[in-house]
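Asks: Dropping in input-v5.cif, with mmCIF, C-alpha atoms and all ligand atoms.
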```cif
data_structure
#
loop_
_atom_site.label_atom_id
_atom_site.label_comp_id
_atom_site.auth_asym_id
_atom_site.auth_seq_id
_atom_site.Cartn_x
_atom_site.Cartn_y
_atom_site.Cartn_z
CA MET A 204 0.00 0.00 0.00
CA ASP A 205 1.11 3.56 -0.73
CA PRO A 206 2.67 4.90 2.53
CA ILE A 207 0.42 7.96 2.43
CA GLU A 208 -2.66 5.76 2.16
CA LYS A 209 -1.38 3.41 4.82
CA LEU A 210 -0.75 6.14 7.40
CA THR A 211 -4.11 7.70 6.52
CA GLU A 212 -5.76 4.37 7.40
CA TYR A 213 -4.01 4.38 10.80
CA PHE A 214 -5.09 7.93 11.62
CA LYS A 215 -8.66 7.15 10.57
CA GLU A 216 -8.88 4.72 13.48
CA PHE A 217 -8.35 7.57 15.97
CA PRO A 218 -11.54 8.69 17.75
CA GLY A 219 -13.39 11.36 15.83
CA ILE A 220 -10.98 11.39 12.86
CA GLY A 221 -12.33 10.99 9.35
CA GLU A 222 -10.60 10.48 6.00
CA ARG A 223 -10.02 14.18 5.32
CA GLN A 224 -8.49 14.95 8.73
CA ALA A 225 -6.41 11.77 8.61
CA LYS A 226 -4.91 12.92 5.34
CA ARG A 227 -4.20 16.36 6.77
CA PHE A 228 -2.18 14.69 9.53
CA VAL A 229 -0.14 12.78 6.96
CA TYR A 230 0.66 15.94 4.96
CA PHE A 231 1.44 17.77 8.18
CA LEU A 232 4.04 15.09 8.93
CA LEU A 233 5.44 15.31 5.42
CA HIS A 234 6.04 19.04 5.91
CA LYS A 235 7.73 18.61 9.29
CA ASN A 236 11.45 17.95 9.55
CA PRO A 237 12.51 14.27 9.75
CA ASN A 238 13.34 14.58 13.46
CA TYR A 239 9.75 15.35 14.30
CA ALA A 240 8.52 12.10 12.75
CA LYS A 241 11.30 10.16 14.45
CA GLU A 242 10.52 11.57 17.88
CA LEU A 243 6.82 10.99 17.36
CA GLY A 244 7.53 7.38 16.41
CA ASP A 245 9.75 6.89 19.46
CA SER A 246 7.15 8.40 21.80
CA ILE A 247 4.51 6.02 20.49
CA LEU A 248 6.80 3.02 20.95
CA LYS A 249 7.76 4.09 24.48
CA LEU A 250 4.15 4.65 25.49
CA LYS A 251 3.40 0.93 25.72
CA ASP A 252 6.60 0.24 27.69
CA ILE A 253 6.23 2.98 30.27
CA ILE A 254 2.48 3.37 30.71
CA HIS A 255 0.46 0.56 32.21
CA GLN A 256 -3.05 0.07 33.45
CA CYS A 257 -3.78 -0.18 37.16
CA PRO A 258 -5.27 -3.67 37.75
CA SER A 259 -7.75 -2.25 40.27
CA CYS A 260 -9.18 0.95 38.76
CA PHE A 261 -7.89 0.54 35.15
CA LEU A 262 -6.27 3.97 35.02
CA PHE A 263 -3.38 4.35 32.58
CA PHE A 264 -0.38 5.65 34.50
CA LYS A 265 3.41 5.63 34.52
CA GLY A 266 4.34 2.43 36.28
CA GLU A 267 5.17 -1.24 35.99
CA GLN A 268 2.77 -3.86 34.75
CA ASN A 269 0.40 -5.07 37.52
CA GLN A 270 1.47 -2.22 39.81
CA LEU A 271 -1.34 -0.32 41.58
CA CYS A 272 -1.74 3.38 40.81
CA ASP A 273 -1.16 6.13 43.42
CA VAL A 274 -4.80 6.24 44.51
CA CYS A 275 -5.32 2.46 44.79
CA SER A 276 -2.05 1.92 46.65
CA ASN A 277 -2.45 4.87 49.03
CA THR A 278 -3.51 3.72 52.51
CA LYS A 279 -5.27 7.07 53.04
CA THR A 280 -7.70 6.37 50.20
CA ASN A 281 -11.21 5.78 51.52
CA ARG A 282 -11.95 2.16 50.61
CA THR A 283 -15.62 2.27 51.57
CA SER A 284 -16.50 4.29 48.49
CA LEU A 285 -16.12 3.35 44.81
CA LEU A 286 -16.73 5.93 42.08
CA ILE A 287 -17.39 4.65 38.56
CA VAL A 288 -16.43 6.87 35.62
CA GLU A 289 -16.55 6.31 31.88
CA LYS A 290 -12.96 7.19 30.98
CA ASP A 291 -9.53 8.34 32.18
CA ALA A 292 -10.25 12.02 31.45
CA ASP A 293 -13.29 11.97 33.79
CA TYR A 294 -11.20 10.33 36.50
CA GLU A 295 -8.50 12.99 36.13
CA ASN A 296 -11.06 15.78 36.31
CA ILE A 297 -12.74 14.47 39.46
CA LYS A 298 -9.38 13.82 41.10
CA ARG A 299 -8.25 17.36 40.23
CA SER A 300 -11.34 18.82 41.92
CA LYS A 301 -10.01 17.38 45.24
CA ASN A 302 -13.52 16.73 46.51
CA TYR A 303 -13.42 12.97 46.52
CA SER A 304 -11.07 10.76 48.52
CA GLY A 305 -12.35 7.26 47.72
CA MET A 306 -11.55 4.58 45.17
CA TYR A 307 -12.25 4.81 41.44
CA PHE A 308 -13.20 2.45 38.64
CA ILE A 309 -12.90 3.30 34.95
CA LEU A 310 -15.63 1.53 33.01
CA GLY A 311 -14.08 1.99 29.57
CA GLY A 312 -17.15 3.37 27.80
CA LEU A 313 -20.93 3.66 27.96
CA ALA A 314 -23.52 0.95 27.31
CA PRO A 315 -25.15 1.38 23.90
CA ILE A 316 -28.88 2.06 24.06
CA VAL A 317 -29.80 -0.03 21.01
CA THR A 318 -28.25 -3.40 21.81
CA LYS A 319 -28.83 -5.69 24.76
CA GLU A 320 -25.39 -7.26 24.50
CA THR A 321 -22.60 -5.95 26.71
CA PRO A 322 -19.90 -4.50 24.46
CA SER A 323 -16.42 -5.90 25.04
CA PHE A 324 -14.95 -2.49 25.96
CA LEU A 325 -17.19 -2.26 29.03
CA ARG A 326 -15.40 -3.68 32.08
CA LEU A 327 -18.54 -5.11 33.58
CA LYS A 328 -17.13 -8.45 34.78
CA GLU A 329 -14.13 -6.62 36.23
CA LEU A 330 -16.43 -4.16 37.99
CA GLN A 331 -18.56 -6.93 39.49
CA SER A 332 -15.52 -8.80 40.68
CA ILE A 333 -13.97 -5.70 42.26
CA VAL A 334 -17.24 -4.73 43.93
CA GLU A 335 -17.58 -8.26 45.30
CA GLY A 336 -13.95 -8.36 46.45
CA ARG A 337 -14.30 -5.05 48.29
CA SER A 338 -17.58 -6.13 49.85
CA LYS A 339 -16.08 -9.34 51.22
CA ASN A 340 -12.95 -7.68 52.55
CA PRO A 341 -12.42 -8.74 56.13
CA ALA A 342 -12.62 -5.67 58.38
CA ARG A 343 -9.01 -4.62 58.24
CA ASN A 344 -9.44 -2.08 61.02
CA ALA A 345 -11.40 -4.36 63.31
CA SER A 346 -8.48 -4.72 65.70
CA HIS A 347 -8.50 -0.95 66.13
CA GLY A 348 -12.11 -1.00 67.27
CA ASP A 349 -13.63 0.16 63.98
CA SER A 350 -16.21 -2.51 63.26
CA GLY A 351 -17.01 -1.12 59.80
CA GLY A 352 -13.55 -1.87 58.49
CA ASP A 353 -13.02 -0.95 54.89
CA ASN A 354 -15.94 -2.81 53.39
CA LEU A 355 -17.57 -1.11 50.46
CA ASP A 356 -20.64 0.83 51.50
CA GLU A 357 -21.21 3.21 48.61
CA VAL A 358 -20.98 2.88 44.83
CA ILE A 359 -21.15 6.26 43.07
CA ILE A 360 -22.06 6.14 39.39
CA ALA A 361 -20.43 9.25 37.93
CA LEU A 362 -21.37 9.40 34.25
CA SER A 363 -22.10 12.38 32.04
CA LEU A 364 -25.71 13.52 32.06
CA ASN A 365 -26.81 12.65 28.53
CA PRO A 366 -29.12 9.86 27.25
CA GLN A 367 -26.34 7.28 26.93
CA GLY A 368 -24.93 8.17 30.34
CA GLU A 369 -28.37 7.81 31.94
CA HIS A 370 -28.95 4.54 30.14
CA THR A 371 -25.60 3.21 31.39
CA ASP A 372 -26.45 4.38 34.91
CA MET A 373 -29.62 2.25 34.88
CA TYR A 374 -27.78 -0.63 33.28
CA LEU A 375 -25.08 -0.61 35.99
CA ARG A 376 -27.68 -0.51 38.76
CA GLU A 377 -29.29 -3.57 37.20
CA GLN A 378 -25.98 -5.40 36.81
CA LEU A 379 -24.95 -4.65 40.40
CA SER A 380 -28.34 -5.33 41.97
CA SER A 381 -27.69 -8.94 43.03
CA LEU A 382 -24.39 -7.95 44.70
CA GLN A 383 -26.19 -5.02 46.30
CA ASN A 384 -28.83 -7.35 47.74
CA LYS A 385 -26.16 -9.68 49.02
CA TYR A 386 -23.86 -7.10 50.62
CA GLY A 387 -26.12 -4.10 51.25
CA PHE A 388 -23.97 -1.27 49.87
CA LYS A 389 -25.86 1.69 48.45
CA ILE A 390 -25.72 2.87 44.85
CA VAL A 391 -25.99 6.59 44.17
CA SER A 392 -25.65 8.67 41.01
CA LEU A 393 -23.59 11.77 40.56
CA GLY A 394 -25.74 12.74 37.58
CA ARG A 395 -28.60 13.87 39.82
CA GLY A 396 -26.40 16.75 40.97
CA LEU A 397 -25.51 17.79 37.43
CA SER A 398 -27.55 19.72 34.88
CA THR A 399 -28.67 18.01 31.66
CA GLY A 400 -26.02 17.64 28.99
CA THR A 401 -23.13 18.02 31.43
CA GLU A 402 -19.95 16.28 30.30
CA LEU A 403 -17.84 15.31 33.31
CA GLU A 404 -14.63 15.67 31.35
CA TYR A 405 -15.29 19.40 30.90
CA SER A 406 -16.86 20.18 34.28
CA ASP A 407 -15.11 22.60 36.62
CA GLY A 408 -14.19 21.86 40.23
CA GLU A 409 -17.19 23.73 41.63
CA THR A 410 -19.66 21.74 39.47
CA ILE A 411 -18.08 18.46 40.55
CA LYS A 412 -18.08 19.52 44.18
CA ASN A 413 -21.82 20.34 44.02
CA ALA A 414 -22.59 17.15 42.14
CA LEU A 415 -20.78 15.09 44.79
CA LYS A 416 -22.58 16.94 47.55
CA ASN A 417 -25.97 16.35 45.92
CA ARG A 418 -25.41 12.75 44.86
CA ALA A 419 -28.46 10.60 45.42
ZN ZN B 1 -5.78 2.31 40.50
#
```
Could you write out this structure as structure tokens?
Ligand SMILES: [Zn+2]
Replies:
Amino acid sequence: MDPIEKLTEYFKEFPGIGERQAKRFVYFLLHKNPNYAKELGDSILKLKDIIHQCPSCFLFFKGEQNQLCDVCSNTKTNRTSLLIVEKDADYENIKRSKNYSGMYFILGGLAPIVTKETPSFLRLKELQSIVEGRSKNPARNASHGDSGGDNLDEVIIALSLNPQGEHTDMYLREQLSSLQNKYGFKIVSLGRGLSTGTELEYSDGETIKNALKNRA
């Protein structure tokens, strides 16, 4: 295949990039000096070596394979609360707002409204297993007189307030309902504290703070 065509095909796989934009990227690279393309190529290769996914919350971060991220490994993190977001950018934004001190889980996408099948990018099995694992945790602090330990007692569904986000919210409640009946944690939604159409990724700290305060 013609190298221009080939690279265009690669860029077309990027989210939101069509044929015309993909081609613009290729011509942009052709106009840059050779070093630029080399450094870009090196950065892409290094990415997979240096960045790994946390096995608990699925955040991409700079660390070794199977290593826990800063939040999951921090003993100060509140383990009784688990906040579910769609993607890394939402996680980063909520973390930056400094209004939440619990655990996170990155779902990997939203459930499509039209199909009943669970798409492979949704980490539903992983979520269920983590929720169950946290619920069964023996009370780690029991010896210090805290009978509650660090068992999960709240799942916060923090998805953007649009039709697909609301659909996924309902879907997750359904998928977690048998675990909820078994272990008695509560499920709340951040969306009820947001206004319609709010994208978490672009929300400011104040909006997130209010949404967390008004979660229900
Ligand atoms: Zn983590």
Asks: Tell me, as a list in words, which residues lie within 10 Å of Lys339 in chain A, counting all atoms listed in the file; anything in the same chain fewer than 2 positions away does not count.
Replies: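 Residues meeting the cut-off are Ile333, Val334, Glu335, Gly336, Arg337, Pro341, Ala342, Asp353, Asn354, Leu355 and Tyr386 of chain A.
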Asks: As an exercise, work out the distance from CA of Ile360 in chain A to CA of Asp372 in chain A in Å and give it to one decimal place.
Replies: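 Computing the Euclidean distance for CA of Ile360 in chain A and CA of Asp372 in chain A yields 6.5 Å.
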Asks: List all protein, DNA and RNA residues that have an atom no more than 10 Å from any atom of ligand ZN 1 (chain B), counting all atoms listed in the file, and report them as a count of residues only.
Replies: 21
Asks: Quick one: distance from CA of Lys209 in chain A to CA of Leu232 in chain A in Å, one decimal?
Replies: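 Interatomic distance, CA of Lys209 in chain A to CA of Leu232 in chain A: 13.5 Å.
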Asks: Tell me, as a PyMOL selection string, which residues lie within 6 Å of Ala414 in chain A, counting all atoms listed in the file; anything in the same chain fewer than 3 positions away does not count.
Replies: chain A and resi 393+396-397+411+417-418
Asks: Identify the residues around (-31.7, 7.6, 27.4) within a radius of 7 Å, measuring from all atoms listed in the file in the coordinates stated by the file, and give them as number ranges by chain.
Replies: A: 366-367, 369-370
Asks: So how many Å separate CA of Gln268 in chain A and CA of His255 in chain A, to one decimal?
Replies: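 So the answer is 5.6 Å.
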Asks: Near Leu210 in chain A, within 9 Å and counting all atoms listed in the file, which residues show up once chain neighbours fewer than 5 positions away are dropped, as a PyMOL selection string?
Replies: chain A and resi 205+215+225-226+228-229
Asks: Excluding range 240-253 of chain A and its own-chain neighbours fewer than 3 positions away, which residues fall within 7 Å of it when counting all atoms listed in the file? Please give them as a PDB file with C-alpha atoms, keeping the file's coordinate frame.
Replies:
```pdb
ATOM      1  CA  LEU A 232       4.040  15.090   8.930  1.00  0.00           C
ATOM      2  CA  PRO A 237      12.510  14.270   9.750  1.00  0.00           C
ATOM      3  CA  LYS A 265       3.410   5.630  34.520  1.00  0.00           C
ATOM      4  CA  GLY A 266       4.340   2.430  36.280  1.00  0.00           C
TER       5      GLY A 266
END
```
Asks: From the set A:Leu286, A:Leu364, A:Leu325, A:Leu403, which residue has the shortest atom-to-atom contact distance to Ser304 in chain A, counting all atoms listed in the file?
Replies: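 Of all the options, A:Leu286 lies closest to Ser304 in chain A.
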Asks: Extending 8 Å beyond the listed atoms of range 250-261 of chain A on each side, what axis-aligned box results? I want centre and edge lengths in Å to one decimal, as AutoDock Vina command-line options.
Replies:
```
--center_x -1.3 --center_y 0.5 --center_z 32.9 --size_x 31.8 --size_y 24.3 --size_z 30.8
```
Asks: Need the shell around Arg326 in chain A: protein/DNA/RNA residues with any atom at most 8 Å away, counting only C-alpha atoms. Skip same-chain ones fewer than 4 positions apart. Format as a list in words?
Replies: Ile309, Leu310, Gly311 and Leu330 of chain A
Asks: Here is a test: counting all atoms listed in the file, which residue of A:Leu233, A:Leu375, A:Ala419, A:Val317 is nearest to Ser392 in chain A?
Replies: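 Nearest to Ser392 in chain A: A:Ala419.
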Asks: Nearest to Ile207 in chain A among A:Ser323, A:Gly368, A:Glu222, A:Gly387, with distances taken over only C-alpha atoms: which residue is it?
Replies: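 Answer, going by the shortest atom-to-atom distance: A:Glu222.
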Asks: Smallest atom-to-atom distance to Thr283 in chain A: which of A:Glu216, A:Glu267, A:Phe231, A:Phe388, using only C-alpha atoms?
Replies: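 With only C-alpha atoms as the atom set, the closest residue is A:Phe388.
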Asks: When you count all atoms listed in the file, which of these residues is closest to Asn413 in chain A: A:Met373, A:Ile316, A:Ile297, A:Leu379?
Replies: A:Ile297
